[in-house]
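Student: Let me give you the structure first, and then I'll get to my questions.
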Amino acid sequence: MLKKLFRCIREYKAPALLTLLFIVGEAVVEALIPFTTANLVNEIKGGVDMGEVLRLGGVLVAMALVSLACGALAGFTSARAAAGFAKNVRHDLFHKVQEFSFENIDRFSSSSLVTRMTTDVNNVQTAFMMLIRIAVRSPLMLVFSIVMAYVMGGALATSFLVIIPVLALGLVLIGRRALPAFRAVFRKYDRLNASVEENVRAMRVVKGFAREEYEKEKFAKASMDIRDDFTRAERIVACNMPLMQLCIYANMVFVLLVGSRLVVTSHGTLIEVGQISAMLTYGMQILMSLMMLSMIYVMLTMSAESAKRIAEVLDETPSLREPDAAAVTEVKDGSIDFEAVRFRYAAGAERWALENVELHIESGMTVGILGGTGVGKSTLVQLIPRLYDATEGTVKVGGIDVRDYALETLRDAVAMVLQKNELFSGTIAENLRWGDPNATDGELAEACRIAQADEFVRAFPDGYGTKLEQGGTNVSGGQKQRLCIARALLKKPKILILDDSTSAVDTRTDARIRQGLRDCLPETTKLIIAQRVASVRDADLILVMDGGRIAARGTHAELMASSAIYRETYEQQTKGGADDAET
């Protein structure tokens with residue numbers, strides 16, 4: 001896990017190494033300052049002249065300035081290294097997620113991925129900065145201070161060998177108890193973010209049902225759960241400070257009592273006042289180093305769970321693999337074949353989403369797909385551009401297994417318009433050019449004309465320069481769907497899939513869109529998933545799906561004669577001829 005994360009340092013190795021160099025310089029100078037101070041005190045006690053005092057004082061000032069400079073430079077380089085490291089972690093996470101299939105994203109959930117790219121990365125960034133600064137400085141200061149304490153105080157420094165194991169044992173016990181609480185917190189962060197994301201996306205529904213108070217209570221409950229877990233963890237971690245203070249003051253009392261007794265009884269022959277002063281300073285440095293190490297331990301305990309969650313994403317193997325170098329890079333036509341296809345969303349799922357699908361669609365055909373909710377209509381079409389891979393059997397496009405195509409090639413040849421398609425913040429023109437970044441204004445207008453969007457776009461004061469809010473919240477559902485259809489048309493696809501994408505438009509507009517597709521895209525294979533029979537009545541082939549199977553297939557006339565499901569749906573919707581009026 002750490003090896004994978006440390007690969008993210010990359011171009012920031014230089015500032016990270018410079019930080020270590022500056023920290024070593026700072027630690028060495030800090031350890032020598034009490035030694036020099038002790039010599040100065042002893043010289044003054046011995047009656048040295050003012051020149052020697054000024055010389056030693058100048059040395060102390062110079063050492064302090066060097067220590068200050070090293071600390072400041074270490075702060076600058078560590079901040080650059082840590083910020084760069086976090087940037088690379090976010091980059092790697094985001095790029096990894098872009099490789100994920102729907103199956104991978106379903107495994108983590110979108111809210112969890114957002115938490116990992118924000119809160120978890122911030123925790124790891126803080127831990128990294130502490131590692132290259134405090135985690136280097138504190139052990140060095142600890143070692144240097146113990147060595148200098150023995151140099152200055154001799155056997156008196158043995159007290160540190162008693163205190164250090166006590167502190168170390170206490171810190172380990174505190175960390176072991178705190179870690180489970182921090183793990184629970186991060187899992188609840190995922191749920192909290194999921195609640196916020198769901199509430200923001202469904203704000204109109206929340207207000208429409210006057211459920212604001214319910215949502216507030218739900219959020220407050222999730223927030224209180226996090227507070228309680230954090231309080232529990234921080235209560236354990238708070239034991240650090242009393243333990244540290246107990247050891248610090250116990251050591252100070254021991255050094256002062258025993259050291260003073262030795263000075264008095266030996267008349268300064270075993271130890272002098274300056275050495276007592278240095279021992280107190282070194283004792284403080286040793287215990288402050290231990291305190292810093294305890295802070296690092298706590299921070300690493302917190303960030304260990306964040307690092308683990310980040311590594312889970314980086315270690316995830318995309319369920320869709322690009323083919324070898326021999327990948328097909330051209331789609332010949334829009335023909336589609338399903339050969340003995342079966343599919344389920346998870347290996348352990350009890351139910352097959354699709355079963356025994358056999359289907360041949362010639363290039364340029366218009367195919368309608370009807371069926372109730374959850375019968376596998378969307379699942380069927382999502383196998384065509386490899387949003388999922390068939391569990392068993394083969395899906396072919398242009399006569400070639402979709403798994404043999406380069407993913408970019410295949411998906412460039414297939415355009416999908418979903419019922420809940422997304423528009424992004426930016427202008428209408430910028431959103432449309434997702435279909436073709438090089439599309440001219442004339443091509444944008446032509447695509448919108450076919451999708452019956454040109455008229456309402458030109459009615460906006462800024463026309464195609466009209467700004468859209470995130471998610472297209474400032475246009476109606478029907479307008480959003482028509483813009484998404486226009487965006488898909490700009491891809492000039494060999495296969496166009498409309499997944500219930502005219503559900504929010506009136507029947508007259510729906511008929512005009514279908515007529516435009518017939519007239520302007522005669523060579524494009526069109527798959528139309530719809531709830532209305534009127535939307536697929538004129539299709540070359542209509543599929544009726546039920547329970548993950550193709551229950552019936554044929555033209556409108558053929559299905560009226562052979563399929564009870566289709567006939568019942570038609571009769572319920574037309575009610576004695578209303579359908580003819582609609583179309």
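Please note that chains go A, B, ... in the order of the structure tokens, that every chain numbers its residues from 1, and that ligands are numbered from 1 in the order shown.
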As an MDAnalysis selection string, which residues of region 182-359 of chain A does DSSP assign to helix (DSSP H, G or I)?
Tutor: chainID A and resid 182:201 203:208 212:237 240:266 273:315
Student: Fewer than 2 positions away in the same chain doesn't count, so skip those; otherwise give me all residues within 10 Å of region 90-105 of chain A, counting only C-alpha atoms, as a PyMOL selection string.
Tutor: chain A and resi 5+8+84-88+107-110+112-114+116-118+121-122+310-311+313-322+345-346+382+386-389
Student: Pull the strand (DSSP E) assignments for region 137-345 of chain A out of DSSP run on the backbone, and list those residues as a VMD selection string.
Tutor: chain A and resid 336 to 343
Student: Sorted by chain and rising residue number, which residues of region 316-429 of chain A lie within 9 Å of region 479-483 of chain A, and what are their closest atom pairs and distances in Å to one decimal, counting only C-alpha atoms, as a Markdown table?
Tutor:
| residue | atom | partner | partner_atom | distance |
| --- | --- | --- | --- | --- |
| A:Val417 | CA | A:Gln481 | CA | 8.0 |
| A:Leu418 | CA | A:Gln481 | CA | 8.2 |
| A:Gln419 | CA | A:Gln481 | CA | 7.3 |
| A:Lys420 | CA | A:Gln481 | CA | 8.0 |
| A:Asn421 | CA | A:Gln481 | CA | 7.2 |
| A:Glu422 | CA | A:Lys480 | CA | 8.2 |
| A:Leu423 | CA | A:Lys480 | CA | 7.4 |
| A:Ile428 | CA | A:Leu483 | CA | 8.1 |
Student: Take the residues just selected and output them with N, CA and C atoms as a short mmCIF file (atom, residue, chain, number, x, y, z; two decimals), in the first residue's frame.
Tutor:
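The result, written out as again24.cif:
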data_model
loop_
_atom_site.label_atom_id
_atom_site.label_comp_id
_atom_site.auth_asym_id
_atom_site.auth_seq_id
_atom_site.Cartn_x
_atom_site.Cartn_y
_atom_site.Cartn_z
N VAL A 417 -28.18 7.84 -25.72
CA VAL A 417 -28.91 8.91 -25.06
C VAL A 417 -29.79 8.26 -24.00
N LEU A 418 -29.49 8.55 -22.75
CA LEU A 418 -30.21 7.93 -21.64
C LEU A 418 -31.40 8.78 -21.23
N GLN A 419 -32.33 8.17 -20.52
CA GLN A 419 -33.49 8.92 -20.02
C GLN A 419 -33.04 10.02 -19.07
N LYS A 420 -32.02 9.72 -18.25
CA LYS A 420 -31.51 10.70 -17.29
C LYS A 420 -30.11 11.13 -17.69
N ASN A 421 -29.95 11.54 -18.94
CA ASN A 421 -28.64 11.97 -19.40
C ASN A 421 -28.24 13.27 -18.72
N GLU A 422 -26.95 13.54 -18.73
CA GLU A 422 -26.42 14.69 -18.01
C GLU A 422 -26.00 15.79 -18.96
N LEU A 423 -26.27 17.03 -18.57
CA LEU A 423 -25.67 18.20 -19.20
C LEU A 423 -24.71 18.81 -18.19
N ILE A 428 -24.66 26.01 -24.13
CA ILE A 428 -25.32 24.95 -24.90
C ILE A 428 -24.37 24.44 -25.98
#
Student: Need the shell around Arg514 (chain A): protein/DNA/RNA residues with any atom at most 10 Å away, counting only C-alpha atoms. Skip same-chain ones fewer than 5 positions apart. Format as a PyMOL selection string?
Tutor: chain A and resi 366+450-451+502+509+519+526+528+535-536+538-539
Student: Next, dump the selected residues to file, keeping only N, CA and C atoms, as an mmCIF file, in the first residue's frame.
Tutor:
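This went into result30.cif:
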data_model
loop_
_atom_site.group_PDB
_atom_site.id
_atom_site.type_symbol
_atom_site.label_atom_id
_atom_site.label_comp_id
_atom_site.auth_asym_id
_atom_site.auth_seq_id
_atom_site.Cartn_x
_atom_site.Cartn_y
_atom_site.Cartn_z
ATOM 1 N N THR A 366 -34.090 0.187 -37.898
ATOM 2 C CA THR A 366 -34.641 0.836 -36.724
ATOM 3 C C THR A 366 -35.313 -0.243 -35.887
ATOM 4 N N ILE A 450 -32.810 18.341 -36.174
ATOM 5 C CA ILE A 450 -33.281 16.959 -36.216
ATOM 6 C C ILE A 450 -33.868 16.566 -34.862
ATOM 7 N N ALA A 451 -33.219 17.014 -33.779
ATOM 8 C CA ALA A 451 -33.662 16.661 -32.421
ATOM 9 C C ALA A 451 -34.774 17.568 -31.916
ATOM 10 N N THR A 502 -37.062 10.026 -25.010
ATOM 11 C CA THR A 502 -38.077 11.003 -25.408
ATOM 12 C C THR A 502 -39.278 10.940 -24.462
ATOM 13 N N THR A 509 -43.831 15.965 -30.767
ATOM 14 C CA THR A 509 -42.382 16.202 -30.878
ATOM 15 C C THR A 509 -41.646 14.881 -31.034
ATOM 16 N N ASP A 519 -35.067 10.273 -41.851
ATOM 17 C CA ASP A 519 -34.687 11.005 -43.058
ATOM 18 C C ASP A 519 -33.188 11.310 -43.111
ATOM 19 N N LYS A 526 -30.587 2.239 -35.487
ATOM 20 C CA LYS A 526 -31.236 2.978 -34.409
ATOM 21 C C LYS A 526 -31.983 2.010 -33.499
ATOM 22 N N ILE A 528 -34.398 1.992 -30.216
ATOM 23 C CA ILE A 528 -35.238 2.911 -29.456
ATOM 24 C C ILE A 528 -35.941 2.141 -28.342
ATOM 25 N N SER A 535 -43.989 5.223 -30.176
ATOM 26 C CA SER A 535 -42.587 5.567 -30.419
ATOM 27 C C SER A 535 -41.851 4.512 -31.238
ATOM 28 N N VAL A 536 -42.387 3.282 -31.295
ATOM 29 C CA VAL A 536 -41.680 2.205 -31.998
ATOM 30 C C VAL A 536 -42.548 1.539 -33.066
ATOM 31 N N ASP A 538 -43.437 2.192 -36.043
ATOM 32 C CA ASP A 538 -42.942 2.169 -37.423
ATOM 33 C C ASP A 538 -41.565 1.531 -37.548
ATOM 34 N N ALA A 539 -41.052 0.933 -36.487
ATOM 35 C CA ALA A 539 -39.715 0.326 -36.525
ATOM 36 C C ALA A 539 -39.702 -0.897 -37.437
#
